[in-house]
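To be precise, the following lines are query_9.cif, and they hold mmCIF, C-alpha atoms.
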data_upload
#
loop_
_atom_site.group_PDB
_atom_site.id
_atom_site.type_symbol
_atom_site.label_atom_id
_atom_site.label_comp_id
_atom_site.auth_asym_id
_atom_site.auth_seq_id
_atom_site.Cartn_x
_atom_site.Cartn_y
_atom_site.Cartn_z
ATOM 1 C CA MET A 1 -25.918 9.119 12.816
ATOM 2 C CA SER A 2 -23.474 10.742 15.200
ATOM 3 C CA ARG A 3 -20.664 8.972 17.019
ATOM 4 C CA PRO A 4 -19.796 11.066 20.046
ATOM 5 C CA GLU A 5 -17.506 8.502 21.616
ATOM 6 C CA HIS A 6 -13.797 8.647 20.799
ATOM 7 C CA VAL A 7 -13.008 4.954 20.588
ATOM 8 C CA PRO A 8 -12.390 4.099 16.944
ATOM 9 C CA ILE A 9 -14.495 1.358 15.427
ATOM 10 C CA VAL A 10 -11.582 -0.552 13.919
ATOM 11 C CA ASN A 11 -9.211 -1.973 16.549
ATOM 12 C CA GLY A 12 -6.401 -2.596 14.105
ATOM 13 C CA ILE A 13 -3.277 -4.461 15.138
ATOM 14 C CA HIS A 14 -1.390 -4.145 11.863
ATOM 15 C CA LEU A 15 -1.792 -1.980 8.775
ATOM 16 C CA SER A 16 -0.328 -4.947 7.036
ATOM 17 C CA HIS A 17 -0.534 -4.492 3.313
ATOM 18 C CA GLY A 18 -1.445 -2.683 0.165
ATOM 19 C CA THR A 19 -2.315 -4.415 -3.072
ATOM 20 C CA LEU A 20 -1.714 -3.999 -6.762
ATOM 21 C CA GLU A 21 -2.777 -5.663 -9.995
ATOM 22 C CA LEU A 22 -0.414 -7.152 -12.537
ATOM 23 C CA ARG A 23 -0.729 -8.888 -15.873
ATOM 24 C CA ALA A 24 1.611 -11.853 -15.442
ATOM 25 C CA LEU A 25 3.189 -12.981 -12.174
ATOM 26 C CA ALA A 26 6.503 -14.254 -13.471
ATOM 27 C CA ARG A 27 7.322 -11.255 -15.644
ATOM 28 C CA SER A 28 6.636 -8.770 -12.868
ATOM 29 C CA LYS A 29 8.410 -10.886 -10.280
ATOM 30 C CA ARG A 30 11.612 -10.513 -12.229
ATOM 31 C CA PHE A 31 11.260 -6.720 -12.191
ATOM 32 C CA TYR A 32 10.508 -6.651 -8.460
ATOM 33 C CA LYS A 33 13.467 -8.856 -7.554
ATOM 34 C CA GLU A 34 16.106 -8.020 -10.110
ATOM 35 C CA PHE A 35 15.430 -4.316 -10.549
ATOM 36 C CA LEU A 36 13.697 -3.056 -7.391
ATOM 37 C CA GLY A 37 15.511 -5.442 -5.055
ATOM 38 C CA LEU A 38 12.414 -6.612 -3.187
ATOM 39 C CA THR A 39 11.675 -10.077 -1.870
ATOM 40 C CA CYS A 40 8.886 -11.673 -3.902
ATOM 41 C CA VAL A 41 7.199 -14.942 -2.953
ATOM 42 C CA ARG A 42 4.420 -16.651 -4.900
ATOM 43 C CA HIS A 43 2.104 -17.960 -2.193
ATOM 44 C CA HIS A 44 -0.996 -18.446 -4.350
ATOM 45 C CA GLU A 45 -1.686 -19.601 -7.863
ATOM 46 C CA GLN A 46 -2.833 -16.085 -8.810
ATOM 47 C CA ALA A 47 -0.883 -13.910 -6.346
ATOM 48 C CA GLN A 48 2.500 -13.125 -4.870
ATOM 49 C CA ILE A 49 3.760 -11.007 -1.974
ATOM 50 C CA LEU A 50 6.401 -8.261 -1.997
ATOM 51 C CA ALA A 51 8.441 -7.069 0.968
ATOM 52 C CA SER A 52 11.641 -5.264 1.732
ATOM 53 C CA SER A 53 14.139 -6.851 4.102
ATOM 54 C CA ASP A 54 12.593 -5.304 7.223
ATOM 55 C CA GLN A 55 9.230 -6.979 6.405
ATOM 56 C CA ARG A 56 7.479 -4.035 8.059
ATOM 57 C CA TRP A 57 4.572 -4.353 5.655
ATOM 58 C CA PHE A 58 3.742 -6.045 2.382
ATOM 59 C CA ILE A 59 2.287 -5.568 -1.061
ATOM 60 C CA ALA A 60 0.004 -8.317 -2.317
ATOM 61 C CA CYS A 61 0.172 -8.561 -6.105
ATOM 62 C CA VAL A 62 -2.817 -10.136 -7.832
ATOM 63 C CA GLN A 63 -2.720 -11.435 -11.387
ATOM 64 C CA ALA A 64 -5.469 -9.783 -13.441
ATOM 65 C CA GLY A 65 -4.288 -10.557 -16.962
ATOM 66 C CA ASN A 66 -5.403 -7.967 -19.457
ATOM 67 C CA GLY A 67 -7.970 -6.726 -16.929
ATOM 68 C CA VAL A 68 -5.408 -4.654 -15.029
ATOM 69 C CA HIS A 69 -6.368 -1.070 -14.277
ATOM 70 C CA PRO A 70 -3.314 1.151 -14.857
ATOM 71 C CA GLN A 71 -2.738 3.516 -11.952
ATOM 72 C CA GLY A 72 -1.892 7.213 -11.939
ATOM 73 C CA ARG A 73 1.196 8.683 -10.297
ATOM 74 C CA GLU A 74 -1.023 9.682 -7.383
ATOM 75 C CA ASN A 75 -1.275 6.020 -6.380
ATOM 76 C CA ARG A 76 2.307 4.866 -6.107
ATOM 77 C CA TRP A 77 4.781 2.968 -3.952
ATOM 78 C CA PHE A 78 7.845 4.714 -2.527
ATOM 79 C CA ILE A 79 11.115 2.774 -2.499
ATOM 80 C CA ALA A 80 13.633 4.478 -0.206
ATOM 81 C CA LEU A 81 17.309 4.421 -1.122
ATOM 82 C CA HIS A 82 20.211 4.842 1.271
ATOM 83 C CA ALA A 83 21.700 8.087 -0.016
ATOM 84 C CA TRP A 84 20.967 11.183 -2.083
ATOM 85 C CA LYS A 85 23.488 10.189 -4.760
ATOM 86 C CA ASP A 86 21.862 6.761 -5.159
ATOM 87 C CA VAL A 87 18.851 8.404 -6.788
ATOM 88 C CA ASP A 88 20.813 9.498 -9.849
ATOM 89 C CA THR A 89 22.479 6.102 -10.117
ATOM 90 C CA ALA A 90 19.058 4.440 -9.936
ATOM 91 C CA HIS A 91 17.673 6.780 -12.580
ATOM 92 C CA ASP A 92 20.539 5.974 -14.926
ATOM 93 C CA ALA A 93 19.964 2.269 -14.323
ATOM 94 C CA ALA A 94 16.245 2.587 -15.034
ATOM 95 C CA ILE A 95 17.003 4.168 -18.411
ATOM 96 C CA GLN A 96 19.650 1.563 -19.169
ATOM 97 C CA HIS A 97 17.309 -1.341 -18.345
ATOM 98 C CA GLN A 98 14.048 0.206 -19.555
ATOM 99 C CA ALA A 99 13.569 -2.188 -22.458
ATOM 100 C CA GLU A 100 14.745 -5.240 -20.512
ATOM 101 C CA PHE A 101 12.068 -4.755 -17.837
ATOM 102 C CA ASP A 102 9.489 -3.181 -20.131
ATOM 103 C CA ILE A 103 9.360 -0.017 -18.028
ATOM 104 C CA GLN A 104 6.700 2.152 -19.653
ATOM 105 C CA ARG A 105 7.721 5.604 -18.425
ATOM 106 C CA ILE A 106 10.588 7.154 -16.495
ATOM 107 C CA ASP A 107 10.166 10.688 -15.174
ATOM 108 C CA PRO A 108 13.110 13.041 -14.608
ATOM 109 C CA VAL A 109 14.735 13.247 -11.190
ATOM 110 C CA THR A 110 13.306 16.066 -9.091
ATOM 111 C CA ASP A 111 14.257 17.656 -5.801
ATOM 112 C CA THR A 112 11.620 18.180 -3.158
ATOM 113 C CA GLY A 113 11.946 20.108 0.056
ATOM 114 C CA HIS A 114 13.090 17.031 1.909
ATOM 115 C CA GLY A 115 14.514 14.686 -0.677
ATOM 116 C CA ARG A 116 15.220 13.676 -4.240
ATOM 117 C CA SER A 117 13.348 11.131 -6.331
ATOM 118 C CA PHE A 118 11.917 10.074 -9.648
ATOM 119 C CA CYS A 119 8.856 8.089 -10.680
ATOM 120 C CA LEU A 120 8.605 5.220 -13.109
ATOM 121 C CA GLN A 121 5.657 3.236 -14.434
ATOM 122 C CA ASP A 122 6.221 -0.509 -14.686
ATOM 123 C CA CYS A 123 5.010 -2.986 -17.283
ATOM 124 C CA ASP A 124 1.637 -3.355 -15.516
ATOM 125 C CA GLY A 125 0.911 0.359 -15.265
ATOM 126 C CA ASN A 126 1.871 0.624 -11.594
ATOM 127 C CA TRP A 127 3.913 3.640 -10.438
ATOM 128 C CA TRP A 128 6.998 3.485 -8.235
ATOM 129 C CA GLU A 129 8.760 6.478 -6.729
ATOM 130 C CA ILE A 130 12.446 5.767 -6.208
ATOM 131 C CA GLY A 131 14.070 8.230 -3.892
ATOM 132 C CA TYR A 132 15.935 9.412 -0.889
ATOM 133 C CA ARG A 133 14.360 11.374 1.941
ATOM 134 C CA ALA A 134 15.996 12.850 4.961
ATOM 135 C CA SER A 135 14.503 11.338 8.110
ATOM 136 C CA ASP A 136 10.923 12.549 8.337
ATOM 137 C CA VAL A 137 7.666 11.826 10.080
ATOM 138 C CA ILE A 138 7.327 8.538 8.224
ATOM 139 C CA ASP A 139 10.525 7.272 9.808
ATOM 140 C CA THR A 140 10.164 8.858 13.209
ATOM 141 C CA GLY A 141 6.404 8.669 13.790
ATOM 142 C CA PRO A 142 3.993 11.434 14.712
ATOM 143 C CA MET B 1 15.955 -8.653 -0.498
ATOM 144 C CA SER B 2 18.178 -9.490 -3.401
ATOM 145 C CA GLN B 3 21.723 -8.199 -3.028
ATOM 146 C CA ARG B 4 22.244 -8.762 -6.735
ATOM 147 C CA SER B 5 19.441 -6.416 -7.692
ATOM 148 C CA ILE B 6 19.976 -3.226 -9.655
ATOM 149 C CA LEU B 7 18.521 -1.084 -6.877
ATOM 150 C CA ARG B 8 19.741 -1.779 -3.361
ATOM 151 C CA PRO B 9 16.821 -0.238 -1.490
ATOM 152 C CA ARG B 10 16.783 0.711 2.151
ATOM 153 C CA THR B 11 13.119 -0.118 2.544
ATOM 154 C CA LEU B 12 9.686 -0.206 1.013
ATOM 155 C CA HIS B 13 8.872 3.150 2.573
ATOM 156 C CA HIS B 14 5.208 4.015 2.029
ATOM 157 C CA GLY B 15 2.283 4.023 -0.367
ATOM 158 C CA THR B 16 0.203 6.945 -1.588
ATOM 159 C CA MET B 17 -3.431 7.670 -2.337
ATOM 160 C CA VAL B 18 -5.625 10.740 -2.814
ATOM 161 C CA SER B 19 -8.652 12.411 -1.269
ATOM 162 C CA ALA B 20 -10.928 15.105 -2.655
ATOM 163 C CA ASP B 21 -12.038 16.121 0.851
ATOM 164 C CA LEU B 22 -9.170 15.707 3.262
ATOM 165 C CA ALA B 23 -11.054 17.052 6.283
ATOM 166 C CA ALA B 24 -13.941 14.639 5.847
ATOM 167 C CA ALA B 25 -11.578 11.784 5.051
ATOM 168 C CA ARG B 26 -9.587 12.486 8.208
ATOM 169 C CA VAL B 27 -12.718 11.996 10.317
ATOM 170 C CA PHE B 28 -13.146 8.566 8.724
ATOM 171 C CA TYR B 29 -9.488 7.624 9.134
ATOM 172 C CA GLU B 30 -9.433 8.612 12.807
ATOM 173 C CA GLU B 31 -12.920 7.817 14.085
ATOM 174 C CA PHE B 32 -13.633 4.729 12.048
ATOM 175 C CA LEU B 33 -10.309 3.184 11.022
ATOM 176 C CA GLY B 34 -8.482 4.246 14.180
ATOM 177 C CA LEU B 35 -5.465 5.522 12.248
ATOM 178 C CA ALA B 36 -3.135 8.221 13.541
ATOM 179 C CA CYS B 37 -3.165 11.172 11.144
ATOM 180 C CA THR B 38 -0.357 13.691 10.892
ATOM 181 C CA ALA B 39 -0.694 16.712 8.619
ATOM 182 C CA ILE B 40 2.685 17.287 6.984
ATOM 183 C CA ALA B 41 1.376 20.046 4.702
ATOM 184 C CA SER B 42 -1.944 21.768 4.147
ATOM 185 C CA ASP B 43 -2.719 19.231 1.444
ATOM 186 C CA GLN B 44 -1.013 16.094 2.792
ATOM 187 C CA LEU B 45 -1.674 13.632 5.598
ATOM 188 C CA ILE B 46 0.356 10.706 6.861
ATOM 189 C CA LEU B 47 -1.651 7.697 8.080
ATOM 190 C CA ARG B 48 -0.425 4.879 10.278
ATOM 191 C CA LEU B 49 -1.617 2.792 13.186
ATOM 192 C CA PRO B 50 -1.066 4.650 16.466
ATOM 193 C CA GLU B 51 1.276 3.560 19.227
ATOM 194 C CA PRO B 52 1.673 1.006 20.705
ATOM 195 C CA THR B 53 0.545 -0.933 17.655
ATOM 196 C CA ALA B 54 2.524 1.309 15.306
ATOM 197 C CA GLY B 55 4.486 -0.425 12.636
ATOM 198 C CA GLY B 56 3.279 -1.642 9.359
ATOM 199 C CA CYS B 57 2.421 0.390 6.356
ATOM 200 C CA VAL B 58 2.455 4.173 6.211
ATOM 201 C CA ILE B 59 0.129 5.885 3.733
ATOM 202 C CA GLU B 60 0.675 9.375 2.382
ATOM 203 C CA VAL B 61 -2.612 11.021 1.368
ATOM 204 C CA HIS B 62 -2.613 13.967 -1.027
ATOM 205 C CA HIS B 63 -5.528 16.323 -1.518
ATOM 206 C CA VAL B 64 -6.771 16.593 -5.103
ATOM 207 C CA GLY B 65 -9.541 18.616 -6.710
ATOM 208 C CA SER B 66 -11.294 15.538 -8.020
ATOM 209 C CA ILE B 67 -10.858 11.778 -8.097
ATOM 210 C CA ASP B 68 -9.860 11.231 -11.699
ATOM 211 C CA ARG B 69 -9.032 7.544 -11.394
ATOM 212 C CA PRO B 70 -11.441 5.713 -9.053
ATOM 213 C CA GLN B 71 -9.778 2.761 -7.359
ATOM 214 C CA ASN B 72 -10.652 -0.873 -7.855
ATOM 215 C CA LEU B 73 -11.069 -3.506 -5.185
ATOM 216 C CA LEU B 74 -7.739 -5.121 -6.049
ATOM 217 C CA ASN B 75 -6.061 -1.848 -5.094
ATOM 218 C CA HIS B 76 -6.799 -1.781 -1.385
ATOM 219 C CA TRP B 77 -5.201 -1.307 2.042
ATOM 220 C CA GLY B 78 -5.412 -4.150 4.531
ATOM 221 C CA ILE B 79 -5.905 -3.718 8.271
ATOM 222 C CA ASP B 80 -5.570 -6.791 10.496
ATOM 223 C CA VAL B 81 -7.863 -7.053 13.523
ATOM 224 C CA PRO B 82 -7.637 -9.465 16.482
ATOM 225 C CA SER B 83 -10.563 -11.798 15.772
ATOM 226 C CA ARG B 84 -13.316 -12.943 13.426
ATOM 227 C CA SER B 85 -15.876 -11.393 15.734
ATOM 228 C CA ASP B 86 -14.131 -8.033 15.310
ATOM 229 C CA VAL B 87 -14.558 -8.365 11.553
ATOM 230 C CA ASP B 88 -18.298 -8.959 11.968
ATOM 231 C CA ARG B 89 -18.645 -6.124 14.488
ATOM 232 C CA ILE B 90 -16.792 -3.653 12.282
ATOM 233 C CA CYS B 91 -18.784 -4.657 9.204
ATOM 234 C CA ALA B 92 -22.048 -4.069 11.079
ATOM 235 C CA ALA B 93 -20.757 -0.685 12.277
ATOM 236 C CA ALA B 94 -19.746 0.242 8.740
ATOM 237 C CA GLY B 95 -23.302 -0.384 7.592
ATOM 238 C CA GLN B 96 -24.679 1.563 10.534
ATOM 239 C CA HIS B 97 -22.416 4.588 9.961
ATOM 240 C CA LYS B 98 -22.272 4.441 6.166
ATOM 241 C CA GLU B 99 -23.850 7.851 5.714
ATOM 242 C CA ARG B 100 -21.786 9.591 8.391
ATOM 243 C CA TYR B 101 -18.513 8.547 6.781
ATOM 244 C CA GLY B 102 -19.684 8.740 3.183
ATOM 245 C CA LEU B 103 -18.920 5.086 2.526
ATOM 246 C CA ARG B 104 -19.701 4.077 -1.030
ATOM 247 C CA ARG B 105 -19.820 0.314 -0.532
ATOM 248 C CA VAL B 106 -19.653 -2.143 2.350
ATOM 249 C CA MET B 107 -19.284 -5.769 1.331
ATOM 250 C CA THR B 108 -20.169 -8.902 3.277
ATOM 251 C CA PRO B 109 -17.500 -10.713 5.324
ATOM 252 C CA ARG B 110 -16.278 -14.014 3.927
ATOM 253 C CA MET B 111 -13.337 -16.365 3.883
ATOM 254 C CA GLN B 112 -11.016 -15.814 0.978
ATOM 255 C CA HIS B 113 -7.320 -16.246 0.294
ATOM 256 C CA GLY B 114 -7.033 -17.834 3.746
ATOM 257 C CA VAL B 115 -8.332 -14.888 5.754
ATOM 258 C CA TYR B 116 -11.738 -13.804 7.039
ATOM 259 C CA GLY B 117 -12.608 -10.253 6.167
ATOM 260 C CA PHE B 118 -14.631 -7.750 4.198
ATOM 261 C CA TYR B 119 -14.010 -4.777 1.941
ATOM 262 C CA LEU B 120 -15.366 -1.260 2.122
ATOM 263 C CA GLN B 121 -14.923 1.657 -0.244
ATOM 264 C CA ASP B 122 -14.574 5.135 1.242
ATOM 265 C CA ARG B 123 -15.828 8.496 -0.077
ATOM 266 C CA ASP B 124 -12.721 8.917 -2.244
ATOM 267 C CA SER B 125 -13.091 5.457 -3.832
ATOM 268 C CA ASN B 126 -10.197 4.016 -1.846
ATOM 269 C CA TRP B 127 -10.786 0.408 -0.767
ATOM 270 C CA TRP B 128 -10.003 -1.011 2.671
ATOM 271 C CA GLU B 129 -9.899 -4.647 3.722
ATOM 272 C CA ILE B 130 -10.646 -5.390 7.363
ATOM 273 C CA GLU B 131 -9.362 -8.885 8.016
ATOM 274 C CA TYR B 132 -8.594 -11.506 10.589
ATOM 275 C CA THR B 133 -5.607 -13.623 9.657
ATOM 276 C CA ASP B 134 -4.878 -17.012 11.163
ATOM 277 C CA PRO B 135 -1.709 -16.451 13.248
ATOM 278 C CA ALA B 136 -0.165 -19.427 11.473
ATOM 279 C CA ARG B 137 -0.635 -17.754 8.100
ATOM 280 C CA THR B 138 0.744 -14.239 8.430
ATOM 281 C CA HIS B 139 2.492 -12.383 5.636
ATOM 282 C CA VAL B 140 5.805 -13.033 7.384
ATOM 283 C CA SER B 141 5.151 -16.773 7.481
ATOM 284 C CA LEU B 142 4.157 -16.765 3.816
ATOM 285 C CA ILE B 143 7.405 -15.017 2.900
ATOM 286 C CA GLU B 144 9.440 -17.426 5.025
ATOM 287 C CA ALA B 145 7.717 -20.431 3.435
ATOM 288 C CA GLY B 146 8.990 -19.345 0.022
ATOM 289 C CA ASP B 147 7.441 -19.954 -3.373
ATOM 290 C CA GLN B 148 4.533 -22.388 -3.274
ATOM 291 C CA TYR B 149 4.013 -22.273 -7.035
ATOM 292 C CA PRO B 150 6.539 -22.412 -9.870
ATOM 293 C CA ASP B 151 6.957 -19.397 -12.121
#
As structure tokens, please, write out the structure in this file.
Amino acid sequence: MSRPEHVPIVNGIHLSHGTLELRALARSKRFYKEFLGLTCVRHHEQAQILASSDQRWFIACVQAGNGVHPQGRENRWFIALHAWKDVDTAHDAAIQHQAEFDIQRIDPVTDTGHGRSFCLQDCDGNWWEIGYRASDVIDTGP
Amino acid sequence: MSQRSILRPRTLHHGTMVSADLAAARVFYEEFLGLACTAIASDQLILRLPEPTAGGCVIEVHHVGSIDRPQNLLNHWGIDVPSRSDVDRICAAAGQHKERYGLRRVMTPRMQHGVYGFYLQDRDSNWWEIEYTDPARTHVSLIEAGDQYPD
């Protein structure tokens, strides 16, 4: 069925959140707060919410026990750091604290055309890209 | 944000997902979801809500040859809409236009975790939640209320 009109069907007011699965709320909360530096609030018996200080959007984390589905690098969350040099410091820290936070994998730091970053896979199989990017379309809008 | 954390992040910047048919997916993102799409490379799109409602999450979509790891419902993107009636209207439209947009699944609206909404799964297996949230129970208010359950 065609839709010739140009008014979108969804009249969204906020692309408010993404979600992820985790095995155990408390263990992952410690990683989110103490390593990643995110705010983490347990609002539900089986779920908690993550945000950075600007609270622009949120990640809802749902406890799935051993039923978690590990993600690939292609589905990841990007944590932006303040400066280029912070990426190497963060990478060193990830290696130093890998056992403490049960980080499963830590990729090498790589340079892209517009930034520098590395990926790590946390204890639940979720991937995080930690990096610095020069101001780009994500910051400035289309 | 913890100032005693190991990382001192600037922000939670964006999330990523993949599409095996970026051109077809873009039609869905723009026509159905009402997202602003910006191509930043031949194989990458940036998705966000358009002005003046811009803000919120930004999603970076990468083209892939095949979807090797289909997504599960608990890995979804949530879009807030103004009312319960919008949720019902959008769900009906999703059923009506399922074939046009290659939607794999459209679920029935219901109340859960304090919001009224429904889930749909797009052609690339990515899940979307269309939801109406009570203004008294936004994500910001949940964060400000602090932990409601002990660790």
message: Could you work out which residues of chain B fall inside 7 Å of chain A? Count only C-alpha atoms, and format the result as a count of residues only.
response: 47
- prompt: Residues at most 8 Å from Trp127 of chain B, counting all atoms listed in the file, excluding those fewer than 2 positions away in the same chain, as number ranges by chain?
  reply: B: 71-73, 75-77, 119-122, 125, 129
- prompt: Can you list, as a list of chain:residue names, every protein, DNA or RNA residue that comes within 10 Å of Gln104 of chain A when you count only C-alpha atoms, leaving out same-chain residues fewer than 3 positions away?
  reply: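 The neighbour list is A:Gln98, A:Ala99, A:Phe101, A:Leu120, A:Gln121, A:Asp122, A:Cys123, A:Asp124, A:Gly125, A:Asn126, A:Trp127.
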query: Suppose you want the space between atom CA of Cys119 of chain A and atom CA of Ile59 of chain B; what is it in Å?
result: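 Between atom CA of Cys119 of chain A and atom CA of Ile59 of chain B the gap works out to 17.0 Å.
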message: As an exercise, work out the distance from atom CA of Gly65 of chain B to atom CA of Leu22 of chain B in Å and give it to one decimal place.
response: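 Taking atom CA of Gly65 of chain B as the start and atom CA of Leu22 of chain B as the end point, the length is 10.4 Å.
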task: Work out how far atom CA of Arg137 of chain B is from atom CA of Thr108 of chain B, in Å to one decimal.
output: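 We find that atom CA of Thr108 of chain B and atom CA of Arg137 of chain B lie 22.0 Å from each other.
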Kindly compute an axis-aligned box around the listed atoms of segment 78-85 of chain A, allowing 5 Å on each side, and express its centre and edge lengths in Å to one decimal as lines of an AutoDock Vina configuration file.
center_x = 15.7
center_y = 7.0
center_z = -1.7
size_x = 25.6
size_y = 18.4
size_z = 16.0
field: All residues 8 Å or closer to Val64 of chain B, all atoms listed in the file, same chain fewer than 5 positions away omitted, as number ranges by chain
entry: B: 18-21
query: How would you write, as a list in words, the residues chosen by the PyMOL selection byres ((chain B and resi 101) around 9) on this structure?
result: Ala24, Ala25, Val27, Phe28, Phe32, Ala94, His97, Lys98, Glu99, Arg100, Gly102, Leu103, Asp122 and Arg123 of chain B
